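Enquirer: Mind having a look at this structure? Questions to follow.
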Amino acid sequence: MTKKNVSLILASSSPRRRELLQTLGLSFTIITSDVDETTAEHLSAREVVEELSLRKAKEVASRLTEGVVLGSDTVVVLDGQILGKPVDEMDAYRMLSMLQRQEHTVYSGVALIDVETGRAEVSHSLTHVRIRALTEQEIKSYIATGEPMDKAGSYAIQGIGATIVEGITGDYFTVVGLPLGLTSTLLTRFGMPIL
């Protein structure tokens with residue numbers, strides 16, 4: 001059952017997610033979600049990204065009468081602690097100092113909602129990332145680029161931050177913010193196959 005004329009809506013203002021979705025050759029519109037991203041402290045990282053992905057998709061879906069809405073969320077986890085976006089440069093310095101010489105895990109959630117039927121599915125992907133040893137000057141220079149300031153964990157693997165990543169185990173696109181394999185699988189279930 002292919003839904004040929006169903007519109008896809010990305011519930012995100014992230015330029016990275018927009019670019020990744022474009023690589024799949026899909027046409028879509030962007031409607032930014034406006035949700036409170038606070039979650040209960042007892043939730044695991046998997047539960048956090050799934051809950052926030054679904055919350056974003058639901059908020060946008062509530063404003064529409066048709067289409068399939070895609071919501072996504074990404075967090076960085078080190079030793080059980082979730083690292084979100086830095087609040088300022090000192091916070092970015094703190095996070096990068098913690099992450100260096102360590103392996104951490106990046107979780108990205110993906111949620112789809114069919115606006116007409118209310119059907120929803122949500123899942124997640126995870127990837128292990130190792131950051132190399134960094135000097136104080138390297139951390140400060142990286143922060144000075146401005147790149148870390150709106151990124152979970154204070155780095156962007158697809159940008160200058162690639163220079164501090166020593167290696168990954170798992171899906172690269174999970175770290176960027178939208179696991180394409182998982183997204184494609186979910187879209188197929190909603191009658192929007194990529195291949």
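Letters A, B, ... go to the chains of the structure tokens in the order shown; residues in each chain start at 1; ligands are counted from 1 in the same order.
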Which residues come within 7 Å of range 69-72 of chain A, counting only C-alpha atoms, excluding same-chain residues fewer than 3 positions away, as a list in words?
Expert: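 Residues meeting the cut-off are Leu8, Ile9, Leu10, Ala11, Ser12, Ser53, Leu54, Lys56, Ala57, Ala61, Ser108, Gly109, Val110, Ala111, Leu112, Ile113, Asp114 and Leu178 of chain A.
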Enquirer: Would you pick out the contacts of Ile82 in chain A at 9 Å or less, using only C-alpha atoms, so that residues sharing its chain but fewer than 5 positions from it are not included, and give the list as a list in words?
Expert: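 Listing them by chain and then by number gives Ser44, Ala45, Val75, Val76, Val77 and Gly153 of chain A.
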Enquirer: Those selected residues, please, written with all heavy atoms and delivered as a tab-separated table (two decimals), in the first residue's frame.
Expert:
```tsv
chain	number	residue	atom	x	y	z
A	44	SER	N	15.45	6.44	30.67
A	44	SER	CA	16.73	6.09	30.05
A	44	SER	C	16.92	6.98	28.81
A	44	SER	O	15.96	7.61	28.33
A	44	SER	CB	16.73	4.63	29.63
A	44	SER	OG	15.80	4.42	28.58
A	45	ALA	N	18.12	7.00	28.27
A	45	ALA	CA	18.39	7.79	27.06
A	45	ALA	C	17.49	7.35	25.91
A	45	ALA	O	16.96	8.17	25.17
A	45	ALA	CB	19.86	7.66	26.68
A	75	VAL	N	20.46	12.63	21.70
A	75	VAL	CA	21.19	12.94	22.93
A	75	VAL	C	22.53	12.21	22.95
A	75	VAL	O	22.69	11.17	22.30
A	75	VAL	CB	20.40	12.59	24.23
A	75	VAL	CG1	19.12	13.39	24.33
A	75	VAL	CG2	20.14	11.11	24.34
A	76	VAL	N	23.45	12.77	23.70
A	76	VAL	CA	24.77	12.18	23.92
A	76	VAL	C	24.80	11.69	25.36
A	76	VAL	O	24.38	12.41	26.27
A	76	VAL	CB	25.87	13.24	23.67
A	76	VAL	CG1	27.23	12.75	24.14
A	76	VAL	CG2	25.92	13.60	22.19
A	77	VAL	N	25.30	10.47	25.57
A	77	VAL	CA	25.33	9.89	26.92
A	77	VAL	C	26.75	9.44	27.27
A	77	VAL	O	27.37	8.68	26.53
A	77	VAL	CB	24.36	8.69	27.02
A	77	VAL	CG1	24.38	8.11	28.43
A	77	VAL	CG2	22.95	9.10	26.64
A	153	GLY	N	26.02	17.35	23.32
A	153	GLY	CA	27.38	16.93	23.61
A	153	GLY	C	28.43	17.93	23.19
A	153	GLY	O	29.62	17.71	23.37
```
Enquirer: Using only C-alpha atoms, which of A:Thr163, A:Ser123, A:Ser62, A:Gln100 sits nearest Arg46 in chain A?
Expert: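 Closest candidate: A:Ser123.
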Enquirer: Residues of range 77-177 of chain A classed as strand (DSSP E or B) by DSSP on the backbone are to be reported as a ChimeraX atom specification.
Expert: /A:77-78,81-83,100,103-114,120-131,165-169
Enquirer: Could you name the residues that touch Thr105 in chain A at 12 Å or less, counting only C-alpha atoms, but leaving out those on the same chain fewer than 4 positions away, as a ChimeraX atom specification?
Expert: /A:45-46,74-83,99,125-131,152-153,167-172,174-175
Enquirer: Pick from A:Ser7, A:Ser14, A:Lys85, A:Val122: nearest to Leu26 in chain A, with only C-alpha atoms counted?
Expert: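 Looking at the shortest contact to Leu26 in chain A, the residue is A:Ser7.
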Enquirer: Pick out each residue of chain A that DSSP on the backbone tags as helix (DSSP H, G or I); I need them as number ranges by chain.
Expert: A: 15-23, 45-61, 89-99, 136-144, 147-150, 152-154, 160-164, 172-176, 180-189
Enquirer: Those selected residues, please, written with C-alpha atoms and delivered as an mmCIF file, in the first residue's frame.
Expert:
```
data_model
loop_
_atom_site.group_PDB
_atom_site.id
_atom_site.type_symbol
_atom_site.label_atom_id
_atom_site.label_comp_id
_atom_site.auth_asym_id
_atom_site.auth_seq_id
_atom_site.Cartn_x
_atom_site.Cartn_y
_atom_site.Cartn_z
ATOM 1 C CA PRO A 15 19.466 22.045 8.983
ATOM 2 C CA ARG A 16 21.260 18.723 9.475
ATOM 3 C CA ARG A 17 18.012 16.743 9.547
ATOM 4 C CA ARG A 18 16.719 18.672 6.536
ATOM 5 C CA GLU A 19 19.890 17.878 4.546
ATOM 6 C CA LEU A 20 19.798 14.201 5.529
ATOM 7 C CA LEU A 21 16.147 13.834 4.533
ATOM 8 C CA GLN A 22 16.932 15.507 1.197
ATOM 9 C CA THR A 23 19.588 12.843 0.505
ATOM 10 C CA ALA A 45 18.394 7.794 27.063
ATOM 11 C CA ARG A 46 16.426 5.503 24.724
ATOM 12 C CA GLU A 47 13.175 6.522 26.403
ATOM 13 C CA VAL A 48 14.136 10.217 26.291
ATOM 14 C CA VAL A 49 14.815 10.304 22.544
ATOM 15 C CA GLU A 50 11.718 8.263 21.753
ATOM 16 C CA GLU A 51 9.482 10.403 23.978
ATOM 17 C CA LEU A 52 10.821 13.690 22.588
ATOM 18 C CA SER A 53 10.665 12.490 18.961
ATOM 19 C CA LEU A 54 7.034 11.488 19.458
ATOM 20 C CA ARG A 55 6.212 14.687 21.357
ATOM 21 C CA LYS A 56 7.596 16.816 18.497
ATOM 22 C CA ALA A 57 5.719 14.820 15.848
ATOM 23 C CA LYS A 58 2.454 14.943 17.834
ATOM 24 C CA GLU A 59 2.657 18.717 18.339
ATOM 25 C CA VAL A 60 3.032 19.359 14.617
ATOM 26 C CA ALA A 61 0.431 16.693 13.701
ATOM 27 C CA GLU A 89 30.799 28.344 26.315
ATOM 28 C CA MET A 90 31.802 27.198 29.812
ATOM 29 C CA ASP A 91 29.272 24.384 29.595
ATOM 30 C CA ALA A 92 30.619 23.397 26.158
ATOM 31 C CA TYR A 93 34.151 23.359 27.612
ATOM 32 C CA ARG A 94 32.966 21.159 30.486
ATOM 33 C CA MET A 95 31.314 18.668 28.124
ATOM 34 C CA LEU A 96 34.217 18.458 25.687
ATOM 35 C CA SER A 97 36.657 18.000 28.576
ATOM 36 C CA MET A 98 34.518 15.124 29.869
ATOM 37 C CA LEU A 99 34.176 13.487 26.452
ATOM 38 C CA GLU A 136 42.921 22.964 26.417
ATOM 39 C CA GLN A 137 43.759 25.146 23.403
ATOM 40 C CA GLU A 138 42.079 22.735 20.981
ATOM 41 C CA ILE A 139 38.893 22.741 23.071
ATOM 42 C CA LYS A 140 38.888 26.549 23.259
ATOM 43 C CA SER A 141 39.607 26.883 19.525
ATOM 44 C CA TYR A 142 36.783 24.507 18.679
ATOM 45 C CA ILE A 143 34.340 26.393 20.912
ATOM 46 C CA ALA A 144 35.466 29.661 19.263
ATOM 47 C CA GLU A 147 29.873 24.990 16.089
ATOM 48 C CA PRO A 148 29.412 23.298 19.506
ATOM 49 C CA MET A 149 26.813 25.746 20.775
ATOM 50 C CA ASP A 150 23.647 24.113 19.387
ATOM 51 C CA ALA A 152 24.086 17.728 21.887
ATOM 52 C CA GLY A 153 27.377 16.927 23.605
ATOM 53 C CA SER A 154 28.923 20.131 22.199
ATOM 54 C CA ILE A 160 34.866 20.717 12.271
ATOM 55 C CA GLY A 161 34.057 18.337 15.117
ATOM 56 C CA ALA A 162 35.037 15.484 12.786
ATOM 57 C CA THR A 163 38.648 16.383 13.629
ATOM 58 C CA ILE A 164 38.186 15.399 17.288
ATOM 59 C CA TYR A 172 27.193 7.640 11.374
ATOM 60 C CA PHE A 173 23.830 9.266 10.618
ATOM 61 C CA THR A 174 22.611 8.520 14.145
ATOM 62 C CA VAL A 175 25.378 10.838 15.371
ATOM 63 C CA VAL A 176 24.468 13.533 12.833
ATOM 64 C CA LEU A 180 18.614 7.161 7.672
ATOM 65 C CA GLY A 181 18.302 3.369 7.727
ATOM 66 C CA LEU A 182 15.789 3.479 10.575
ATOM 67 C CA THR A 183 13.953 6.425 8.999
ATOM 68 C CA SER A 184 13.680 4.560 5.694
ATOM 69 C CA THR A 185 12.326 1.444 7.439
ATOM 70 C CA LEU A 186 9.659 3.461 9.256
ATOM 71 C CA LEU A 187 8.685 5.399 6.118
ATOM 72 C CA THR A 188 8.226 2.093 4.255
ATOM 73 C CA ARG A 189 5.844 0.933 6.993
#
```
Enquirer: What is the CA of Ile31 in chain A to CA of Ser13 in chain A distance in Å?
Expert: 7.5 Å
